[in-house]
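Next comes query-v7.tsv, a file with TSV, C-alpha atoms and all ligand atoms.
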chain	number	residue	atom	x	y	z
A	1	MET	CA	104.97	66.89	141.54
A	2	THR	CA	103.85	63.26	141.92
A	3	TYR	CA	102.27	61.07	139.24
A	4	SER	CA	100.04	58.02	139.66
A	5	THR	CA	101.68	56.08	136.81
A	6	LEU	CA	105.21	57.48	136.66
A	7	LEU	CA	108.24	57.49	138.92
A	8	THR	CA	110.60	60.41	138.44
A	9	GLN	CA	114.12	61.19	139.52
A	10	LEU	CA	116.23	64.22	138.60
A	11	GLU	CA	119.95	63.45	138.57
A	12	ASN	CA	122.56	65.97	137.33
A	13	GLY	CA	120.03	67.62	135.00
A	14	ILE	CA	118.80	64.24	133.66
A	15	LEU	CA	115.15	63.48	134.41
A	16	ILE	CA	114.57	59.71	134.57
A	17	ILE	CA	110.91	58.88	133.91
A	18	THR	CA	109.89	55.32	134.77
A	19	ILE	CA	106.53	54.10	133.45
A	20	ASN	CA	105.22	52.39	136.57
A	21	ARG	CA	102.51	49.80	135.90
A	22	PRO	CA	104.61	46.62	136.19
A	23	ASP	CA	101.60	44.35	136.84
A	24	LYS	CA	100.29	45.34	133.36
A	25	LEU	CA	103.75	45.34	131.75
A	26	ASN	CA	103.57	49.16	131.84
A	27	ALA	CA	100.69	49.28	129.32
A	28	LEU	CA	99.63	52.80	128.37
A	29	ASN	CA	96.22	53.68	129.77
A	30	LYS	CA	94.58	57.12	129.91
A	31	ASP	CA	96.34	57.96	133.16
A	32	VAL	CA	99.79	57.27	131.65
A	33	PHE	CA	98.98	59.59	128.73
A	34	ASN	CA	97.79	62.31	131.12
A	35	ASP	CA	100.91	61.92	133.25
A	36	LEU	CA	103.25	61.97	130.23
A	37	ASP	CA	101.48	65.07	128.92
A	38	THR	CA	101.89	66.85	132.24
A	39	ILE	CA	105.47	65.82	132.84
A	40	PHE	CA	106.52	66.96	129.37
A	41	ASN	CA	105.03	70.40	130.10
A	42	GLU	CA	107.44	70.39	133.03
A	43	VAL	CA	110.32	69.19	130.81
A	44	TYR	CA	109.70	72.09	128.42
A	45	SER	CA	109.51	74.75	131.14
A	46	ASN	CA	111.84	73.66	133.96
A	47	ASN	CA	115.41	74.91	133.47
A	48	GLN	CA	116.76	72.32	135.88
A	49	ILE	CA	115.80	69.56	133.44
A	50	GLN	CA	118.38	69.37	130.65
A	51	SER	CA	117.54	65.96	129.20
A	52	VAL	CA	115.27	62.98	129.73
A	53	ILE	CA	115.39	59.17	129.90
A	54	ILE	CA	112.23	57.07	129.61
A	55	ILE	CA	112.34	53.47	130.90
A	56	GLY	CA	109.82	50.84	132.00
A	57	CYS	CA	109.45	49.57	135.57
A	58	GLY	CA	110.87	46.09	136.16
A	59	ASN	CA	113.05	44.03	133.86
A	60	LYS	CA	110.41	42.43	131.62
A	61	ALA	CA	108.89	45.30	129.68
A	62	PHE	CA	109.57	48.82	128.53
A	63	VAL	CA	105.87	49.15	127.60
A	64	ALA	CA	103.77	46.21	126.28
A	65	GLY	CA	101.43	48.46	124.33
A	66	ALA	CA	98.33	50.52	124.74
A	67	ASP	CA	96.12	49.17	127.51
A	68	ILE	CA	93.95	46.70	125.58
A	69	GLY	CA	91.45	46.77	128.44
A	70	GLU	CA	90.44	50.30	127.41
A	71	PHE	CA	89.65	49.33	123.80
A	72	GLY	CA	86.61	47.10	124.18
A	73	SER	CA	83.66	49.43	123.87
A	74	LEU	CA	85.05	52.32	121.84
A	75	SER	CA	83.10	53.71	118.88
A	76	VAL	CA	84.74	54.79	115.61
A	77	GLU	CA	84.77	58.41	116.77
A	78	GLU	CA	86.16	57.46	120.19
A	79	GLY	CA	88.88	55.42	118.46
A	80	LYS	CA	89.90	58.48	116.44
A	81	LYS	CA	89.93	60.61	119.59
A	82	LEU	CA	92.15	58.08	121.36
A	83	ALA	CA	94.63	58.05	118.46
A	84	LYS	CA	94.66	61.87	118.33
A	85	ARG	CA	95.36	62.05	122.06
A	86	GLY	CA	98.19	59.52	121.75
A	87	GLN	CA	99.68	61.32	118.78
A	88	ASP	CA	99.51	64.71	120.50
A	89	VAL	CA	101.36	63.41	123.55
A	90	PHE	CA	103.98	61.56	121.49
A	91	ASN	CA	104.47	64.63	119.25
A	92	LYS	CA	105.13	66.62	122.40
A	93	ILE	CA	107.89	64.14	123.28
A	94	GLU	CA	109.34	64.20	119.74
A	95	ASN	CA	109.29	68.02	119.66
A	96	SER	CA	110.85	68.37	123.12
A	97	PRO	CA	113.69	70.91	123.02
A	98	LYS	CA	115.51	68.71	125.56
A	99	PRO	CA	116.85	65.37	124.27
A	100	VAL	CA	114.83	62.28	125.18
A	101	ILE	CA	116.33	58.76	125.10
A	102	ALA	CA	114.22	55.60	125.40
A	103	CYS	CA	115.94	52.88	127.44
A	104	VAL	CA	114.16	49.79	126.16
A	105	ASN	CA	114.38	47.17	128.89
A	106	GLY	CA	112.19	44.35	127.56
A	107	PHE	CA	109.02	44.32	125.45
A	108	ALA	CA	108.36	47.47	123.40
A	109	LEU	CA	105.17	46.43	121.66
A	110	GLY	CA	102.41	48.43	119.99
A	111	GLY	CA	102.14	51.77	121.78
A	112	GLY	CA	105.38	50.88	123.59
A	113	CYS	CA	107.29	50.64	120.33
A	114	GLU	CA	105.56	53.88	119.27
A	115	LEU	CA	106.56	55.61	122.50
A	116	SER	CA	110.18	54.53	122.02
A	117	MET	CA	110.09	55.85	118.44
A	118	ALA	CA	108.75	59.24	119.58
A	119	CYS	CA	111.92	59.59	121.68
A	120	HIS	CA	114.96	61.09	119.93
A	121	PHE	CA	116.77	57.77	119.93
A	122	ARG	CA	116.71	54.39	121.57
A	123	ILE	CA	119.13	52.19	123.50
A	124	ALA	CA	118.13	48.56	123.94
A	125	ALA	CA	118.92	46.05	126.64
A	126	GLU	CA	119.87	42.63	125.29
A	127	ASN	CA	116.41	41.28	126.23
A	128	ALA	CA	114.51	44.02	124.34
A	129	LYS	CA	111.87	42.97	121.83
A	130	PHE	CA	110.17	45.36	119.41
A	131	GLY	CA	106.97	44.87	117.46
A	132	GLN	CA	103.68	46.32	116.25
A	133	PRO	CA	101.28	43.44	116.93
A	134	GLU	CA	98.09	45.46	116.36
A	135	VAL	CA	96.92	43.34	113.39
A	136	ASN	CA	96.57	40.45	115.87
A	137	LEU	CA	93.80	42.55	117.44
A	138	GLY	CA	92.19	43.72	114.20
A	139	LEU	CA	93.85	47.10	114.66
A	140	ILE	CA	96.69	49.22	113.33
A	141	PRO	CA	99.10	51.44	115.28
A	142	GLY	CA	97.41	54.76	116.07
A	143	TYR	CA	100.06	56.78	117.91
A	144	GLY	CA	102.27	57.57	114.91
A	145	GLY	CA	103.75	54.06	114.59
A	146	THR	CA	103.02	53.52	110.90
A	147	GLN	CA	104.86	56.75	110.10
A	148	ARG	CA	107.79	56.65	112.50
A	149	LEU	CA	108.58	52.97	111.88
A	150	ALA	CA	108.89	53.62	108.14
A	151	GLN	CA	110.99	56.73	108.82
A	152	LEU	CA	113.37	54.80	111.06
A	153	ILE	CA	113.79	51.43	109.35
A	154	GLY	CA	112.50	52.04	105.80
A	155	LYS	CA	109.15	51.29	104.19
A	156	GLY	CA	109.74	47.65	103.22
A	157	ARG	CA	110.89	46.50	106.65
A	158	ALA	CA	108.19	48.61	108.33
A	159	ILE	CA	105.36	47.17	106.26
A	160	GLU	CA	106.64	43.64	106.88
A	161	LEU	CA	106.64	44.19	110.65
A	162	LEU	CA	103.22	45.90	110.58
A	163	ILE	CA	101.45	43.22	108.57
A	164	THR	CA	103.09	40.13	110.10
A	165	ALA	CA	103.01	41.39	113.73
A	166	ASN	CA	106.43	39.72	114.06
A	167	MET	CA	108.65	40.79	116.93
A	168	ILE	CA	112.32	41.58	116.39
A	169	ASP	CA	115.05	41.15	118.99
A	170	ALA	CA	117.58	43.76	120.06
A	171	SER	CA	120.31	42.71	117.64
A	172	THR	CA	117.89	42.85	114.67
A	173	ALA	CA	116.68	46.26	115.89
A	174	LEU	CA	120.32	47.39	115.89
A	175	GLN	CA	120.85	46.03	112.39
A	176	PHE	CA	117.67	47.82	111.20
A	177	GLY	CA	118.78	51.13	112.76
A	178	LEU	CA	115.85	51.19	115.18
A	179	VAL	CA	118.24	51.41	118.14
A	180	ASN	CA	121.63	53.07	118.48
A	181	TYR	CA	123.16	50.57	120.92
A	182	VAL	CA	122.47	47.21	122.52
A	183	VAL	CA	123.92	46.76	126.02
A	184	PRO	CA	123.48	44.32	128.92
A	185	SER	CA	120.41	45.17	131.04
A	186	ASP	CA	122.46	46.31	134.01
A	187	ALA	CA	124.41	48.76	131.81
A	188	LEU	CA	121.35	50.31	130.13
A	189	LEU	CA	120.71	53.37	132.30
A	190	ASN	CA	124.40	54.16	132.65
A	191	LYS	CA	124.88	54.11	128.87
A	192	ALA	CA	122.06	56.65	128.45
A	193	LYS	CA	123.34	58.79	131.34
A	194	GLU	CA	126.86	58.80	129.91
A	195	ILE	CA	125.56	60.08	126.54
A	196	LEU	CA	123.31	62.69	128.15
A	197	GLN	CA	126.11	63.96	130.40
A	198	THR	CA	128.02	64.74	127.22
A	199	VAL	CA	124.97	66.41	125.65
A	200	ASN	CA	124.27	68.40	128.83
A	201	SER	CA	127.73	69.99	128.57
A	202	LYS	CA	126.87	71.48	125.16
A	203	ALA	CA	125.05	74.74	124.39
A	204	PRO	CA	121.36	74.02	125.24
A	205	LEU	CA	119.85	76.33	122.61
A	206	ALA	CA	122.04	74.76	119.93
A	207	VAL	CA	121.04	71.27	121.10
A	208	ALA	CA	117.36	72.27	120.89
A	209	ALA	CA	117.92	73.75	117.42
A	210	CYS	CA	119.56	70.50	116.19
A	211	ILE	CA	116.51	68.51	117.32
A	212	LYS	CA	114.09	70.97	115.71
A	213	ALA	CA	116.01	71.02	112.42
A	214	ALA	CA	116.33	67.22	112.27
A	215	ASN	CA	112.60	66.81	113.06
A	216	ALA	CA	111.81	69.14	110.14
A	217	VAL	CA	112.86	66.40	107.68
A	218	TRP	CA	109.51	64.72	108.31
A	219	LYS	CA	107.24	67.78	108.62
A	220	GLU	CA	105.44	68.26	105.34
A	221	THR	CA	104.54	71.86	106.05
A	222	VAL	CA	108.13	72.83	106.88
A	223	ASN	CA	111.06	73.04	104.46
A	224	GLY	CA	113.90	71.57	106.51
A	225	PHE	CA	116.64	73.43	104.64
A	226	ASP	CA	114.87	76.77	105.23
A	227	GLU	CA	114.30	75.80	108.86
A	228	GLU	CA	118.04	75.08	109.18
A	229	ILE	CA	118.91	78.52	107.75
A	230	GLN	CA	116.66	80.21	110.35
A	231	LEU	CA	117.95	78.11	113.24
A	232	PHE	CA	121.60	78.53	112.18
A	233	GLY	CA	121.13	82.30	111.96
A	234	ASN	CA	119.40	82.46	115.33
A	235	CYS	CA	122.47	80.89	116.97
A	236	PHE	CA	124.40	84.08	116.18
A	237	GLY	CA	122.05	85.97	118.51
A	238	THR	CA	122.91	83.80	121.52
A	239	ASN	CA	125.49	84.41	124.24
A	240	ASP	CA	126.38	80.73	124.11
A	241	MET	CA	127.52	81.01	120.50
A	242	LYS	CA	129.82	83.91	121.44
A	243	GLU	CA	131.07	81.96	124.45
A	244	GLY	CA	131.62	78.77	122.40
A	245	THR	CA	133.58	80.47	119.63
A	246	ASN	CA	135.58	82.68	122.04
A	247	ALA	CA	136.43	79.67	124.22
A	248	PHE	CA	137.72	77.80	121.16
A	249	LEU	CA	139.90	80.75	120.08
A	250	GLU	CA	141.14	81.28	123.67
A	251	LYS	CA	141.90	77.54	124.00
A	252	ARG	CA	139.67	77.07	127.06
A	253	LYS	CA	136.57	75.05	127.87
A	254	ALA	CA	133.31	76.87	127.11
A	255	VAL	CA	130.88	77.58	129.92
A	256	PHE	CA	127.34	77.63	128.54
A	257	THR	CA	124.41	79.33	130.25
A	258	GLY	CA	121.57	78.51	127.87
A	259	ASN	CA	121.19	82.12	126.75
A	301	LIG	N1	97.24	45.90	127.74
A	301	LIG	C1	96.70	45.50	128.90
A	301	LIG	N2	97.25	44.57	129.70
A	301	LIG	C2	98.40	44.03	129.29
A	301	LIG	C3	99.02	44.38	128.08
A	301	LIG	C4	98.39	45.38	127.29
A	301	LIG	N3	98.92	45.82	126.13
A	301	LIG	N4	100.15	43.66	127.93
A	301	LIG	C5	100.22	42.87	129.03
A	301	LIG	N5	99.19	43.09	129.84
A	301	LIG	C6	98.89	42.44	131.13
A	301	LIG	C7	98.36	41.03	130.95
A	301	LIG	O1	96.98	41.03	130.68
A	301	LIG	C8	98.68	40.43	132.30
A	301	LIG	O2	97.74	40.92	133.24
A	301	LIG	P1	97.07	39.91	134.34
A	301	LIG	O3	98.25	39.40	135.12
A	301	LIG	O4	96.15	40.79	135.10
A	301	LIG	O5	96.41	38.83	133.54
A	301	LIG	C9	100.02	41.08	132.64
A	301	LIG	O6	100.09	42.28	131.87
A	301	LIG	C10	101.22	40.23	132.32
A	301	LIG	O7	101.17	39.86	130.95
A	301	LIG	P2	101.20	38.35	130.42
A	301	LIG	O8	100.53	38.32	129.08
A	301	LIG	O9	100.70	37.42	131.47
A	301	LIG	O10	102.78	38.14	130.25
A	301	LIG	P3	103.51	37.14	129.25
A	301	LIG	O11	104.93	37.12	129.68
A	301	LIG	O12	102.79	35.84	129.18
A	301	LIG	O13	103.41	37.82	127.81
A	301	LIG	C11	103.47	39.68	126.25
A	301	LIG	C12	104.04	39.07	127.55
A	301	LIG	C13	104.05	41.08	126.12
A	301	LIG	C14	103.93	38.83	125.05
A	301	LIG	C15	101.92	39.70	126.31
A	301	LIG	O14	101.54	40.32	127.52
A	301	LIG	C16	101.27	40.46	125.18
A	301	LIG	O15	101.18	39.94	124.07
A	301	LIG	N6	100.77	41.69	125.46
A	301	LIG	C17	100.02	42.46	124.51
A	301	LIG	C18	100.92	43.07	123.48
A	301	LIG	C19	100.13	43.85	122.45
A	301	LIG	O16	99.35	43.30	121.70
A	301	LIG	N7	100.34	45.17	122.45
A	301	LIG	C20	99.70	46.04	121.49
A	301	LIG	C21	98.48	46.60	122.05
A	301	LIG	S1	97.70	47.66	120.86
Can you turn what I pasted into structure tokens?
Ligand code: COA
Amino acid sequence: MTYSTLLTQLENGILIITINRPDKLNALNKDVFNDLDTIFNEVYSNNQIQSVIIIGCGNKAFVAGADIGEFGSLSVEEGKKLAKRGQDVFNKIENSPKPVIACVNGFALGGGCELSMACHFRIAAENAKFGQPEVNLGLIPGYGGTQRLAQLIGKGRAIELLITANMIDASTALQFGLVNYVVPSDALLNKAKEILQTVNSKAPLAVAACIKAANAVWKETVNGFDEEIQLFGNCFGTNDMKEGTNAFLEKRKAVFTGN
């Protein structure tokens, strides 16, 4: 499948998605949301895809925000619809049963910071810059940013960033826990691939269950401890759990099939 705003490459089970609007610093317009929605349907259903990397085209920006050009004439109701659409797509990324890493290679502002936060974790290049500059535009984040920023870096730091519109650099993002690693730009993709190669060798259903259980911490309608009990129990019904435990006892490497 081809996408008007995304480049894709499948490499050893890792799908690399590149947001491809470099002349607009990869800003998120309607087409990008449609393409991300469609490609994540594919991520959910295609067994050849084991994990995902999202990166921006070029070396200046991951994503410099929602496309401000689409904001001008929106009504209150249209604004709410836009936020709902953005949140639905980003929730689909967050709830993906396959791990998703954001490789932040430059500006991650507004919707770009929100996109990176919808991924399961983030790796930053040394030139990465994060921020939620919406108050400069008389706006607030609408794609889950107010919630995920507070979840990831704590309420005090989140509110400071939201109301000042200040940007933070990669080393501050590391200190705040917004990113897991900071690496030189030319090492960014390889760092993510190295981690995902490790993850791809694990039992896929157990990996998916870890993501679902960890996501439950922030779902008000779900009790995360109960969710963990269910997901833990379900593992005992999988062939991979039998294979994993037998392989350990037989002192051999497990071969997982995702069943
Ligand atoms: N929406 C639409 N277009 C955007 C954009 C966005 N969020 N961010 C950048 N662009 C466009 C610029 O308009 C410019 O297009 P042009 O060449 O047709 O004029 C192009 O991308 C390059 O950006 P430019 O501003 O010239 O680069 P810069 O290096 O001077 O500044 C930024 C980089 C990221 C600091 C600056 O582009 C910026 O502040 N962007 C908006 C960030 C933002 O407010 N995001 C939240 C949106 S809710």
Quick one: residues within 7 Å of ligand LIG 301 (chain A), with all atoms listed in the file, as a PDB file with C-alpha atoms, in the frame of the given file?
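This is the output file out_34.pdb:
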ATOM      1  CA  ASP A  23     101.600  44.350 136.840  1.00  0.00           C
ATOM      2  CA  LYS A  24     100.290  45.340 133.360  1.00  0.00           C
ATOM      3  CA  LEU A  25     103.750  45.340 131.750  1.00  0.00           C
ATOM      4  CA  ALA A  27     100.690  49.280 129.320  1.00  0.00           C
ATOM      5  CA  ALA A  64     103.770  46.210 126.280  1.00  0.00           C
ATOM      6  CA  GLY A  65     101.430  48.460 124.330  1.00  0.00           C
ATOM      7  CA  ALA A  66      98.330  50.520 124.740  1.00  0.00           C
ATOM      8  CA  ASP A  67      96.120  49.170 127.510  1.00  0.00           C
ATOM      9  CA  ILE A  68      93.950  46.700 125.580  1.00  0.00           C
ATOM     10  CA  GLY A  69      91.450  46.770 128.440  1.00  0.00           C
ATOM     11  CA  PHE A 107     109.020  44.320 125.450  1.00  0.00           C
ATOM     12  CA  LEU A 109     105.170  46.430 121.660  1.00  0.00           C
ATOM     13  CA  GLY A 110     102.410  48.430 119.990  1.00  0.00           C
ATOM     14  CA  GLY A 111     102.140  51.770 121.780  1.00  0.00           C
ATOM     15  CA  GLN A 132     103.680  46.320 116.250  1.00  0.00           C
ATOM     16  CA  PRO A 133     101.280  43.440 116.930  1.00  0.00           C
ATOM     17  CA  GLU A 134      98.090  45.460 116.360  1.00  0.00           C
ATOM     18  CA  PRO A 141      99.100  51.440 115.280  1.00  0.00           C
TER      19      PRO A 141
END
Taking only C-alpha atoms into account, name the residue in A:Leu139, A:Lys219, A:Gln197, A:Ser185 that is nearest to Val76 (chain A). A:Leu139
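Compared by their closest atoms to Tyr143 (chain A), and using all atoms listed in the file, the residues A:Lys212, A:Lys251, A:Lys30, A:Arg85 rank with A:Arg85 nearest.
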Option closest in space to Asn41 (chain A), from A:Ala208, A:Asn95, A:Gln9, A:Ser73 [counting all atoms listed in the file]: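 Under the stated criterion, the closest residue is A:Asn95.
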Given all atoms listed in the file as the basis, pick out the residue of A:Val179, A:Leu6, A:Leu15, A:Ala216 nearest to Glu94 (chain A).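 Residue with the minimum atom-to-atom distance to Glu94 (chain A): A:Ala216.
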